[in-house]
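S.K.: upload.cif is reproduced below (mmCIF, C-alpha atoms and all ligand atoms).
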data_work
#
loop_
_atom_site.group_PDB
_atom_site.id
_atom_site.type_symbol
_atom_site.label_atom_id
_atom_site.label_comp_id
_atom_site.auth_asym_id
_atom_site.auth_seq_id
_atom_site.Cartn_x
_atom_site.Cartn_y
_atom_site.Cartn_z
ATOM 1 C CA MET A 1 -0.349 -110.672 12.710
ATOM 2 C CA LYS A 2 -2.818 -107.808 12.483
ATOM 3 C CA ALA A 3 -6.342 -108.490 13.700
ATOM 4 C CA ASP A 4 -7.832 -106.481 10.809
ATOM 5 C CA SER A 5 -5.840 -108.262 8.068
ATOM 6 C CA ARG A 6 -7.827 -108.930 4.891
ATOM 7 C CA PHE A 7 -7.529 -111.902 2.536
ATOM 8 C CA PHE A 8 -8.647 -111.805 -1.089
ATOM 9 C CA LEU A 9 -8.794 -114.969 -3.181
ATOM 10 C CA PHE A 10 -8.551 -114.460 -6.951
ATOM 11 C CA PHE A 11 -10.236 -117.363 -8.608
ATOM 12 C CA GLY A 12 -10.552 -117.988 -12.348
ATOM 13 C CA SER A 13 -9.269 -119.984 -15.268
ATOM 14 C CA PRO A 14 -5.697 -119.846 -16.571
ATOM 15 C CA GLY A 15 -5.345 -116.542 -18.419
ATOM 16 C CA ALA A 16 -8.374 -114.942 -16.733
ATOM 17 C CA GLY A 17 -6.126 -112.119 -15.481
ATOM 18 C CA LYS A 18 -5.574 -113.122 -11.831
ATOM 19 C CA GLY A 19 -1.836 -112.432 -11.826
ATOM 20 C CA THR A 20 -2.127 -109.157 -13.728
ATOM 21 C CA LEU A 21 -4.871 -107.816 -11.455
ATOM 22 C CA ALA A 22 -2.908 -108.946 -8.385
ATOM 23 C CA GLN A 23 0.190 -107.109 -9.648
ATOM 24 C CA MET A 24 -1.892 -103.947 -10.157
ATOM 25 C CA CYS A 25 -3.051 -104.214 -6.515
ATOM 26 C CA VAL A 26 0.559 -104.623 -5.365
ATOM 27 C CA GLU A 27 1.730 -101.601 -7.409
ATOM 28 C CA ARG A 28 -1.228 -99.296 -6.753
ATOM 29 C CA LEU A 29 -2.489 -100.346 -3.300
ATOM 30 C CA GLY A 30 0.697 -101.682 -1.675
ATOM 31 C CA TRP A 31 -0.890 -105.058 -0.966
ATOM 32 C CA ALA A 32 0.963 -108.395 -0.936
ATOM 33 C CA GLN A 33 0.467 -111.124 -3.534
ATOM 34 C CA LEU A 34 0.887 -114.809 -2.959
ATOM 35 C CA SER A 35 0.956 -116.582 -6.321
ATOM 36 C CA THR A 36 1.573 -120.294 -5.811
ATOM 37 C CA GLY A 37 2.482 -120.549 -9.523
ATOM 38 C CA ASP A 38 5.134 -117.794 -9.162
ATOM 39 C CA LEU A 39 6.537 -119.491 -6.034
ATOM 40 C CA PHE A 40 6.795 -122.812 -7.867
ATOM 41 C CA ARG A 41 8.535 -121.182 -10.849
ATOM 42 C CA LYS A 42 10.977 -119.575 -8.407
ATOM 43 C CA HIS A 43 11.733 -122.989 -6.878
ATOM 44 C CA ILE A 44 12.332 -124.381 -10.376
ATOM 45 C CA ALA A 45 14.647 -121.480 -11.289
ATOM 46 C CA GLU A 46 16.615 -121.983 -8.060
ATOM 47 C CA GLY A 47 16.840 -125.755 -8.559
ATOM 48 C CA THR A 48 15.573 -126.491 -5.021
ATOM 49 C CA SER A 49 14.409 -129.989 -4.096
ATOM 50 C CA ILE A 50 10.773 -128.819 -4.401
ATOM 51 C CA GLY A 51 11.638 -127.293 -7.791
ATOM 52 C CA LYS A 52 13.115 -130.569 -9.063
ATOM 53 C CA HIS A 53 10.110 -132.507 -7.753
ATOM 54 C CA ILE A 54 7.458 -130.307 -9.437
ATOM 55 C CA ASP A 55 9.140 -129.200 -12.682
ATOM 56 C CA PHE A 56 7.563 -131.955 -14.763
ATOM 57 C CA VAL A 57 4.111 -131.506 -13.151
ATOM 58 C CA ILE A 58 4.039 -127.789 -14.008
ATOM 59 C CA LYS A 59 5.208 -128.410 -17.584
ATOM 60 C CA SER A 60 2.428 -130.988 -17.993
ATOM 61 C CA GLY A 61 -0.259 -128.531 -16.818
ATOM 62 C CA LYS A 62 -1.434 -130.761 -13.951
ATOM 63 C CA LEU A 63 -1.674 -129.764 -10.294
ATOM 64 C CA VAL A 64 1.097 -130.007 -7.740
ATOM 65 C CA ASP A 65 0.387 -132.286 -4.764
ATOM 66 C CA ASP A 66 -1.719 -130.647 -1.991
ATOM 67 C CA THR A 67 0.843 -131.359 0.757
ATOM 68 C CA VAL A 68 3.633 -129.612 -1.155
ATOM 69 C CA VAL A 69 1.334 -126.634 -1.838
ATOM 70 C CA MET A 70 0.138 -126.318 1.762
ATOM 71 C CA ASN A 71 3.658 -126.528 3.236
ATOM 72 C CA MET A 72 4.838 -123.802 0.872
ATOM 73 C CA VAL A 73 1.844 -121.550 1.573
ATOM 74 C CA SER A 74 2.122 -121.949 5.375
ATOM 75 C CA GLU A 75 5.826 -121.101 5.227
ATOM 76 C CA TRP A 76 5.133 -118.004 3.102
ATOM 77 C CA MET A 77 2.370 -116.847 5.448
ATOM 78 C CA GLN A 78 4.504 -117.244 8.556
ATOM 79 C CA GLU A 79 7.200 -115.085 6.981
ATOM 80 C CA LYS A 80 5.034 -112.345 5.446
ATOM 81 C CA ILE A 81 1.769 -112.088 7.304
ATOM 82 C CA SER A 82 2.936 -109.698 10.011
ATOM 83 C CA GLU A 83 4.183 -107.202 7.387
ATOM 84 C CA VAL A 84 0.981 -106.537 5.459
ATOM 85 C CA ASP A 85 -2.673 -105.518 5.879
ATOM 86 C CA ALA A 86 -4.026 -107.245 2.795
ATOM 87 C CA ILE A 87 -2.958 -110.368 0.917
ATOM 88 C CA ILE A 88 -4.129 -111.524 -2.478
ATOM 89 C CA PHE A 89 -4.049 -115.265 -3.013
ATOM 90 C CA ASP A 90 -3.601 -115.716 -6.751
ATOM 91 C CA GLY A 91 -4.243 -119.239 -7.983
ATOM 92 C CA PHE A 92 -4.687 -120.686 -4.497
ATOM 93 C CA PRO A 93 -6.571 -122.660 -3.213
ATOM 94 C CA ARG A 94 -7.046 -124.912 -6.256
ATOM 95 C CA THR A 95 -8.526 -128.070 -4.719
ATOM 96 C CA LEU A 96 -11.087 -128.857 -2.026
ATOM 97 C CA PRO A 97 -8.477 -130.058 0.545
ATOM 98 C CA GLN A 98 -6.455 -126.843 -0.022
ATOM 99 C CA ALA A 99 -9.605 -124.727 0.463
ATOM 100 C CA GLN A 100 -10.579 -126.608 3.638
ATOM 101 C CA LEU A 101 -7.118 -126.341 5.215
ATOM 102 C CA PHE A 102 -6.802 -122.686 4.216
ATOM 103 C CA THR A 103 -10.180 -121.603 5.599
ATOM 104 C CA ASP A 104 -9.480 -123.507 8.843
ATOM 105 C CA LEU A 105 -6.210 -121.588 9.148
ATOM 106 C CA ILE A 106 -7.955 -118.250 8.595
ATOM 107 C CA LYS A 107 -10.896 -119.045 10.905
ATOM 108 C CA GLU A 108 -8.538 -119.771 13.793
ATOM 109 C CA LYS A 109 -7.512 -116.130 14.097
ATOM 110 C CA PHE A 110 -9.779 -113.974 11.918
ATOM 111 C CA SER A 111 -13.461 -113.311 11.406
ATOM 112 C CA GLN A 112 -15.245 -114.773 8.377
ATOM 113 C CA SER A 113 -15.603 -111.268 6.891
ATOM 114 C CA SER A 114 -11.803 -110.962 6.539
ATOM 115 C CA LEU A 115 -11.963 -113.448 3.642
ATOM 116 C CA ARG A 116 -13.426 -112.493 0.243
ATOM 117 C CA VAL A 117 -13.462 -114.543 -2.955
ATOM 118 C CA PHE A 118 -13.442 -112.892 -6.400
ATOM 119 C CA GLU A 119 -14.094 -114.860 -9.551
ATOM 120 C CA LEU A 120 -12.693 -113.468 -12.798
ATOM 121 C CA GLU A 121 -14.993 -114.608 -15.578
ATOM 122 C CA VAL A 122 -13.662 -115.105 -19.109
ATOM 123 C CA GLU A 123 -14.396 -117.800 -21.701
ATOM 124 C CA SER A 124 -11.855 -120.407 -22.840
ATOM 125 C CA GLU A 125 -11.318 -119.228 -26.441
ATOM 126 C CA LEU A 126 -10.258 -115.773 -25.242
ATOM 127 C CA VAL A 127 -7.872 -117.112 -22.592
ATOM 128 C CA ILE A 128 -6.163 -119.350 -25.162
ATOM 129 C CA LYS A 129 -5.484 -116.222 -27.268
ATOM 130 C CA ARG A 130 -4.294 -114.247 -24.231
ATOM 131 C CA LEU A 131 -1.955 -116.982 -23.046
ATOM 132 C CA SER A 132 -0.315 -117.412 -26.436
ATOM 133 C CA SER A 133 0.446 -113.651 -26.427
ATOM 134 C CA ARG A 134 1.639 -113.576 -22.806
ATOM 135 C CA ARG A 135 5.254 -112.895 -21.951
ATOM 136 C CA VAL A 136 6.660 -112.872 -18.401
ATOM 137 C CA CYS A 137 9.773 -111.455 -16.841
ATOM 138 C CA SER A 138 12.451 -114.147 -16.604
ATOM 139 C CA ALA A 139 13.789 -112.799 -13.258
ATOM 140 C CA LYS A 140 12.584 -115.252 -10.563
ATOM 141 C CA ASN A 141 11.774 -112.467 -8.071
ATOM 142 C CA CYS A 142 9.912 -110.338 -10.607
ATOM 143 C CA GLN A 143 7.822 -112.484 -13.017
ATOM 144 C CA THR A 144 5.833 -109.398 -14.091
ATOM 145 C CA VAL A 145 3.243 -110.275 -16.732
ATOM 146 C CA PHE A 146 3.152 -108.593 -20.179
ATOM 147 C CA SER A 147 1.503 -109.201 -23.515
ATOM 148 C CA VAL A 148 2.702 -108.967 -27.117
ATOM 149 C CA SER A 149 -0.864 -108.589 -28.383
ATOM 150 C CA PRO A 150 -0.931 -105.308 -30.415
ATOM 151 C CA ASP A 151 -4.109 -104.087 -28.643
ATOM 152 C CA SER A 152 -2.902 -104.908 -25.109
ATOM 153 C CA GLU A 153 -2.412 -102.288 -22.389
ATOM 154 C CA ARG A 154 0.367 -104.477 -20.956
ATOM 155 C CA GLN A 155 2.896 -104.318 -23.789
ATOM 156 C CA ALA A 156 6.485 -103.734 -22.649
ATOM 157 C CA ALA A 157 7.804 -100.227 -23.371
ATOM 158 C CA VAL A 158 10.890 -101.838 -24.955
ATOM 159 C CA PRO A 159 9.844 -105.073 -26.684
ATOM 160 C CA GLY A 160 11.242 -108.153 -24.963
ATOM 161 C CA ILE A 161 12.450 -106.259 -21.861
ATOM 162 C CA CYS A 162 10.743 -106.007 -18.456
ATOM 163 C CA ASP A 163 9.567 -102.444 -17.651
ATOM 164 C CA ARG A 164 10.085 -103.063 -13.946
ATOM 165 C CA CYS A 165 13.531 -104.683 -13.692
ATOM 166 C CA GLY A 166 15.065 -104.686 -17.186
ATOM 167 C CA SER A 167 15.353 -108.494 -17.458
ATOM 168 C CA LYS A 168 14.475 -110.485 -20.559
ATOM 169 C CA LEU A 169 10.832 -111.441 -21.214
ATOM 170 C CA ILE A 170 10.122 -115.081 -21.975
ATOM 171 C CA GLN A 171 7.183 -117.340 -22.743
ATOM 172 C CA ARG A 172 6.155 -119.591 -19.843
ATOM 173 C CA ALA A 173 6.953 -123.284 -20.378
ATOM 174 C CA ASP A 174 3.290 -124.158 -19.714
ATOM 175 C CA ASP A 175 1.940 -121.642 -22.277
ATOM 176 C CA ALA A 176 2.309 -124.171 -25.104
ATOM 177 C CA ASP A 177 -1.100 -124.839 -26.792
ATOM 178 C CA GLU A 178 -1.402 -128.447 -25.627
ATOM 179 C CA THR A 179 -0.525 -127.568 -21.994
ATOM 180 C CA ILE A 180 -2.943 -124.623 -21.950
ATOM 181 C CA ARG A 181 -5.740 -127.066 -22.861
ATOM 182 C CA THR A 182 -4.705 -129.457 -20.066
ATOM 183 C CA ARG A 183 -4.654 -126.549 -17.576
ATOM 184 C CA LEU A 184 -8.151 -125.497 -18.674
ATOM 185 C CA THR A 185 -9.470 -129.055 -18.233
ATOM 186 C CA VAL A 186 -7.872 -129.294 -14.778
ATOM 187 C CA TYR A 187 -9.357 -125.913 -13.817
ATOM 188 C CA HIS A 188 -12.897 -126.900 -14.888
ATOM 189 C CA LYS A 189 -12.602 -130.212 -13.038
ATOM 190 C CA HIS A 190 -12.178 -128.412 -9.677
ATOM 191 C CA ALA A 191 -13.971 -125.078 -10.207
ATOM 192 C CA ASN A 192 -17.537 -125.994 -9.197
ATOM 193 C CA GLU A 193 -16.653 -127.935 -6.056
ATOM 194 C CA LEU A 194 -14.417 -125.094 -4.889
ATOM 195 C CA LEU A 195 -17.035 -122.409 -5.493
ATOM 196 C CA ASN A 196 -19.696 -124.571 -3.815
ATOM 197 C CA PHE A 197 -17.420 -125.108 -0.828
ATOM 198 C CA PHE A 198 -17.058 -121.346 -0.315
ATOM 199 C CA LYS A 199 -20.790 -120.728 -0.771
ATOM 200 C CA LYS A 200 -21.634 -123.450 1.777
ATOM 201 C CA SER A 201 -19.100 -121.928 4.195
ATOM 202 C CA GLY A 202 -21.015 -118.638 3.929
ATOM 203 C CA VAL A 203 -18.447 -116.850 1.736
ATOM 204 C CA GLN A 204 -20.123 -115.071 -1.157
ATOM 205 C CA ILE A 205 -18.500 -115.366 -4.626
ATOM 206 C CA GLU A 206 -18.036 -111.857 -6.029
ATOM 207 C CA LYS A 207 -17.839 -111.700 -9.814
ATOM 208 C CA LEU A 208 -15.464 -109.600 -11.881
ATOM 209 C CA ASP A 209 -15.947 -109.222 -15.615
ATOM 210 C CA GLY A 210 -12.571 -110.347 -17.030
ATOM 211 C CA TYR A 211 -13.527 -109.267 -20.591
ATOM 212 C CA LYS A 212 -13.222 -105.597 -19.638
ATOM 213 C CA PRO A 213 -9.972 -103.626 -20.200
ATOM 214 C CA LEU A 214 -7.541 -104.133 -17.327
ATOM 215 C CA ASP A 215 -7.907 -100.663 -15.801
ATOM 216 C CA GLU A 216 -11.659 -101.168 -15.692
ATOM 217 C CA VAL A 217 -11.292 -104.601 -14.057
ATOM 218 C CA PHE A 218 -9.051 -102.985 -11.447
ATOM 219 C CA GLU A 219 -11.491 -100.087 -10.848
ATOM 220 C CA ASN A 220 -14.422 -102.500 -10.507
ATOM 221 C CA PHE A 221 -12.463 -104.529 -7.972
ATOM 222 C CA VAL A 222 -11.485 -101.427 -5.966
ATOM 223 C CA ALA A 223 -15.126 -100.256 -5.965
ATOM 224 C CA LEU A 224 -16.240 -103.619 -4.525
ATOM 225 C CA VAL A 225 -13.602 -103.706 -1.789
ATOM 226 C CA SER A 226 -14.237 -100.080 -0.827
ATOM 227 C CA GLU A 227 -17.977 -100.657 -0.203
HETATM 228 P P1 LIG B 301 -0.392 -120.387 -12.236
HETATM 229 O O1 LIG B 301 0.868 -119.672 -12.405
HETATM 230 O O2 LIG B 301 -1.308 -119.987 -11.149
HETATM 231 O O3 LIG B 301 -1.117 -120.413 -13.629
HETATM 232 P P2 LIG B 301 -2.687 -120.405 -14.035
HETATM 233 O O4 LIG B 301 -3.672 -120.672 -13.011
HETATM 234 O O5 LIG B 301 -2.739 -121.331 -15.193
HETATM 235 O O6 LIG B 301 -2.989 -118.965 -14.356
HETATM 236 P P3 LIG B 301 -2.188 -118.007 -15.285
HETATM 237 O O7 LIG B 301 -1.036 -117.447 -14.546
HETATM 238 O O8 LIG B 301 -1.892 -118.722 -16.579
HETATM 239 O O9 LIG B 301 -3.298 -116.933 -15.624
HETATM 240 P P4 LIG B 301 -3.688 -115.561 -14.904
HETATM 241 O O10 LIG B 301 -5.132 -115.637 -14.549
HETATM 242 O O11 LIG B 301 -2.723 -115.209 -13.849
HETATM 243 O O12 LIG B 301 -3.552 -114.585 -16.157
HETATM 244 P P5 LIG B 301 -2.550 -113.359 -16.390
HETATM 245 O O13 LIG B 301 -2.865 -112.250 -15.458
HETATM 246 O O14 LIG B 301 -1.152 -113.839 -16.486
HETATM 247 O O15 LIG B 301 -0.060 -121.942 -12.027
HETATM 248 C C1 LIG B 301 0.859 -122.601 -12.863
HETATM 249 C C2 LIG B 301 0.957 -124.068 -12.462
HETATM 250 O O16 LIG B 301 1.463 -124.163 -11.120
HETATM 251 C C3 LIG B 301 -0.358 -124.850 -12.421
HETATM 252 O O17 LIG B 301 -0.711 -125.354 -13.696
HETATM 253 C C4 LIG B 301 -0.020 -125.964 -11.429
HETATM 254 O O18 LIG B 301 0.784 -126.946 -12.037
HETATM 255 C C5 LIG B 301 0.842 -125.241 -10.411
HETATM 256 N N1 LIG B 301 0.064 -124.659 -9.305
HETATM 257 C C6 LIG B 301 -0.061 -123.322 -9.010
HETATM 258 N N2 LIG B 301 -0.823 -123.148 -7.934
HETATM 259 C C7 LIG B 301 -1.202 -124.403 -7.529
HETATM 260 C C8 LIG B 301 -2.016 -124.867 -6.465
HETATM 261 N N3 LIG B 301 -2.597 -124.025 -5.593
HETATM 262 N N4 LIG B 301 -2.207 -126.203 -6.363
HETATM 263 C C9 LIG B 301 -1.623 -127.066 -7.199
HETATM 264 N N5 LIG B 301 -0.831 -126.684 -8.242
HETATM 265 C C10 LIG B 301 -0.623 -125.361 -8.397
HETATM 266 O O19 LIG B 301 -3.048 -112.879 -17.845
HETATM 267 C C11 LIG B 301 -2.787 -113.660 -19.011
HETATM 268 C C12 LIG B 301 -2.525 -112.716 -20.198
HETATM 269 O O20 LIG B 301 -3.740 -112.051 -20.506
HETATM 270 C C13 LIG B 301 -1.477 -111.624 -19.917
HETATM 271 O O21 LIG B 301 -0.678 -111.454 -21.061
HETATM 272 C C14 LIG B 301 -2.327 -110.362 -19.632
HETATM 273 O O22 LIG B 301 -1.685 -109.168 -20.058
HETATM 274 C C15 LIG B 301 -3.591 -110.641 -20.440
HETATM 275 N N6 LIG B 301 -4.787 -110.105 -19.788
HETATM 276 C C16 LIG B 301 -5.194 -110.371 -18.525
HETATM 277 N N7 LIG B 301 -6.352 -109.727 -18.260
HETATM 278 C C17 LIG B 301 -6.656 -109.025 -19.392
HETATM 279 C C18 LIG B 301 -7.750 -108.155 -19.740
HETATM 280 N N8 LIG B 301 -8.743 -107.863 -18.871
HETATM 281 N N9 LIG B 301 -7.763 -107.638 -20.982
HETATM 282 C C19 LIG B 301 -6.760 -107.922 -21.889
HETATM 283 N N10 LIG B 301 -5.707 -108.724 -21.608
HETATM 284 C C20 LIG B 301 -5.667 -109.278 -20.370
HETATM 285 MG MG MG B 302 -0.929 -116.036 -13.076
#
Take the structure in the file and write it out as structure tokens.
M.R.:
Amino acid sequence: MKADSRFFLFFGSPGAGKGTLAQMCVERLGWAQLSTGDLFRKHIAEGTSIGKHIDFVIKSGKLVDDTVVMNMVSEWMQEKISEVDAIIFDGFPRTLPQAQLFTDLIKEKFSQSSLRVFELEVESELVIKRLSSRRVCSAKNCQTVFSVSPDSERQAAVPGICDRCGSKLIQRADDADETIRTRLTVYHKHANELLNFFKKSGVQIEKLDGYKPLDEVFENFVALVSE
């Protein structure tokens, strides 16, 4: 593990743009992305015992149990952490116990300044529109995010086909209207306590305007991390 490793938490509601911004950082900066949602969808696609256990929870829009999440994250970190300088945590931590365990893990080996939290701000009505237009790559190791919205910068070059790997694009099972609303409620239930936890631990919450076009969101993020 490198002593100067950096950890970036992308926090924000479903559809705020966490995954898309994280993928831009992977493509353009060579960073690593840990998306707990992507890892769970991979487990479901592979039919693992975790996948079978969480399939219904994900489809309902509720949160997966903290112990399952933490075991999966620790395993991922042990495997990948020595390979990369910077990791984006996309959609993790999501609850107070996850945040406490994660910051304890980081504090053991790194300075407080290695951890930065970015909040993508967007209002609910816009994210509902974005999520109904979202399409994702069906390949479990790709899961690149696209949009079928006519004014989106993330439309696939060939409709219905992933630009990166050529697999079919699909709609996520939890992007049904009813489930989106459950996910938003769950997000708002935990958001304040998580942000307050980071503030009390001395980690500043850095805001990103998620209404801006994607390239601008990316440039604003890069400007902040280059300061
Ligand atoms: P997860 O996969 O993390 O889903 P989520 O939090 O609901 O977030 P999304 O992936 O829906 O949104 P996003 O912010 O990534 O938006 P995106 O970039 O795709 O989690 C799924 C489930 O797994 C959870 O419900 C839970 O069950 C479980 N889970 C995961 N982590 C867990 C944890 N830690 N603990 C417990 N359970 C966990 O963008 C959306 C669309 O908008 C795209 O089409 C994109 O092109 C478009 N878009 C994005 N930004 C812009 C922009 N600036 N302008 C125009 N369009 C934009
Ligand atoms: Mg995502």
S.K.: Return as AutoDock Vina command-line options the box centre and box size in Å, one decimal, for an axis-aligned box around all listed atoms of ligand LIG 301 (chain B) padded by 4 Å per side.
M.R.:
--center_x -3.6 --center_y -117.4 --center_z -13.7 --size_x 18.2 --size_y 27.4 --size_z 24.3
S.K.: Check which residues fall inside 9 Å of ligand MG 302 (chain B) when counting all atoms listed in the file, and print them as a list of chain:residue names.
M.R.: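 Every residue with an atom at most 9 Å from ligand MG 302 (chain B) is listed here: A:Pro14, A:Gly15, A:Ala16, A:Gly17, A:Lys18, A:Gly19, A:Thr20, A:Ala22, A:Ser35, A:Thr36, A:Gly37, A:Asp38, A:Asp90, A:Gly91, A:Val145.
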S.K.: List the residues matched by the PyMOL selection byres (((chain A and resi 158-170) around 12) and not hetatm) in the displayed structure as JSON, numbers by chain, ordered by chain and then by residue number.
M.R.: {"A": [23, 27, 132, 133, 134, 135, 136, 137, 138, 139, 140, 141, 142, 143, 144, 145, 146, 147, 148, 149, 150, 154, 155, 156, 157, 171, 172, 173, 174, 175]}
S.K.: May I ask for the distance between atom CA of Val68 of chain A and atom CA of Asp104 of chain A, given in Å to one decimal place?
M.R.: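 We find that atom CA of Val68 of chain A and atom CA of Asp104 of chain A lie 17.6 Å from each other.
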S.K.: Could you pull the residues within 12 Å of Lys199 of chain A, counting only C-alpha atoms, minus those fewer than 5 positions along the same chain, as an mmCIF file with C-alpha atoms, in the frame of the given file?
M.R.:
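Final file, around-v7.cif:
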data_model
loop_
_atom_site.group_PDB
_atom_site.id
_atom_site.type_symbol
_atom_site.label_atom_id
_atom_site.label_comp_id
_atom_site.auth_asym_id
_atom_site.auth_seq_id
_atom_site.Cartn_x
_atom_site.Cartn_y
_atom_site.Cartn_z
ATOM 1 C CA ALA A 99 -9.605 -124.727 0.463
ATOM 2 C CA ARG A 116 -13.426 -112.493 0.243
ATOM 3 C CA VAL A 117 -13.462 -114.543 -2.955
ATOM 4 C CA ASN A 192 -17.537 -125.994 -9.197
ATOM 5 C CA GLU A 193 -16.653 -127.935 -6.056
ATOM 6 C CA LEU A 194 -14.417 -125.094 -4.889
ATOM 7 C CA GLN A 204 -20.123 -115.071 -1.157
ATOM 8 C CA ILE A 205 -18.500 -115.366 -4.626
ATOM 9 C CA GLU A 206 -18.036 -111.857 -6.029
#
S.K.: Can you measure atom CA of Leu9 of chain A to atom CA of Asp55 of chain A for me? One decimal in Å is fine.
M.R.: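 The value is 24.8 Å.
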S.K.: As an exercise, work out the distance from atom CA of Ser152 of chain A to atom CA of Glu227 of chain A in Å and give it to one decimal place.
M.R.: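 Value for the atom CA of Ser152 of chain A-atom CA of Glu227 of chain A distance: 29.4 Å.
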S.K.: Give me the residues near segment 3-8 of chain A as a list of chain:residue names, where near means some atom within 6 Å (using only C-alpha atoms) and where sequence neighbours in that chain fewer than 3 positions away do not count.
M.R.: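 That gives A:Asp85, A:Ala86, A:Ile87, A:Ile88, A:Ser114, A:Leu115, A:Arg116, A:Val117.
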S.K.: Nearest to Gln98 of chain A: which of A:His53, A:Arg28, A:Lys207, A:His190 is it, counting all atoms listed in the file?
M.R.: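 Distance minimum relative to Gln98 of chain A lands on A:His190.
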S.K.: Could you tell me which residues the PyMOL selection byres (((chain A and resi 70-72) around 10) and not hetatm) grabs in this file, written as a ChimeraX atom specification?
M.R.: /A:36,39-40,50,65-69,73-77,92-93,97-99,101-102
S.K.: Take the residues that were just selected and, keeping C-alpha atoms, output them as a PDB file, in the frame of the given file.
M.R.:
ATOM      1  CA  THR A  36       1.573-120.294  -5.811  1.00  0.00           C
ATOM      2  CA  LEU A  39       6.537-119.491  -6.034  1.00  0.00           C
ATOM      3  CA  PHE A  40       6.795-122.812  -7.867  1.00  0.00           C
ATOM      4  CA  ILE A  50      10.773-128.819  -4.401  1.00  0.00           C
ATOM      5  CA  ASP A  65       0.387-132.286  -4.764  1.00  0.00           C
ATOM      6  CA  ASP A  66      -1.719-130.647  -1.991  1.00  0.00           C
ATOM      7  CA  THR A  67       0.843-131.359   0.757  1.00  0.00           C
ATOM      8  CA  VAL A  68       3.633-129.612  -1.155  1.00  0.00           C
ATOM      9  CA  VAL A  69       1.334-126.634  -1.838  1.00  0.00           C
ATOM     10  CA  VAL A  73       1.844-121.550   1.573  1.00  0.00           C
ATOM     11  CA  SER A  74       2.122-121.949   5.375  1.00  0.00           C
ATOM     12  CA  GLU A  75       5.826-121.101   5.227  1.00  0.00           C
ATOM     13  CA  TRP A  76       5.133-118.004   3.102  1.00  0.00           C
ATOM     14  CA  MET A  77       2.370-116.847   5.448  1.00  0.00           C
ATOM     15  CA  PHE A  92      -4.687-120.686  -4.497  1.00  0.00           C
ATOM     16  CA  PRO A  93      -6.571-122.660  -3.213  1.00  0.00           C
ATOM     17  CA  PRO A  97      -8.477-130.058   0.545  1.00  0.00           C
ATOM     18  CA  GLN A  98      -6.455-126.843  -0.022  1.00  0.00           C
ATOM     19  CA  ALA A  99      -9.605-124.727   0.463  1.00  0.00           C
ATOM     20  CA  LEU A 101      -7.118-126.341   5.215  1.00  0.00           C
ATOM     21  CA  PHE A 102      -6.802-122.686   4.216  1.00  0.00           C
TER      22      PHE A 102
END
S.K.: Determine the nearest neighbour of ligand LIG 301 (chain B) from the options A:Phe56, A:Asn196, A:Glu125, A:Leu63, counting all atoms listed in the file.
M.R.: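 Smallest separation from ligand LIG 301 (chain B) among the options: A:Leu63.
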S.K.: Under the rule that all atoms listed in the file are counted, which of A:Val84, A:Thr48, A:Gln100, A:Ile54 is the nearest residue to Trp31 of chain A?
M.R.: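 Of the candidates, the smallest distance to Trp31 of chain A is held by A:Val84.
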S.K.: Closest to ligand LIG 301 (chain B) among A:Ile58, A:Val186, A:Ala45, A:Ile106, using all atoms listed in the file?
M.R.: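 The shortest atom-to-atom distance to ligand LIG 301 (chain B) comes from A:Ile58.
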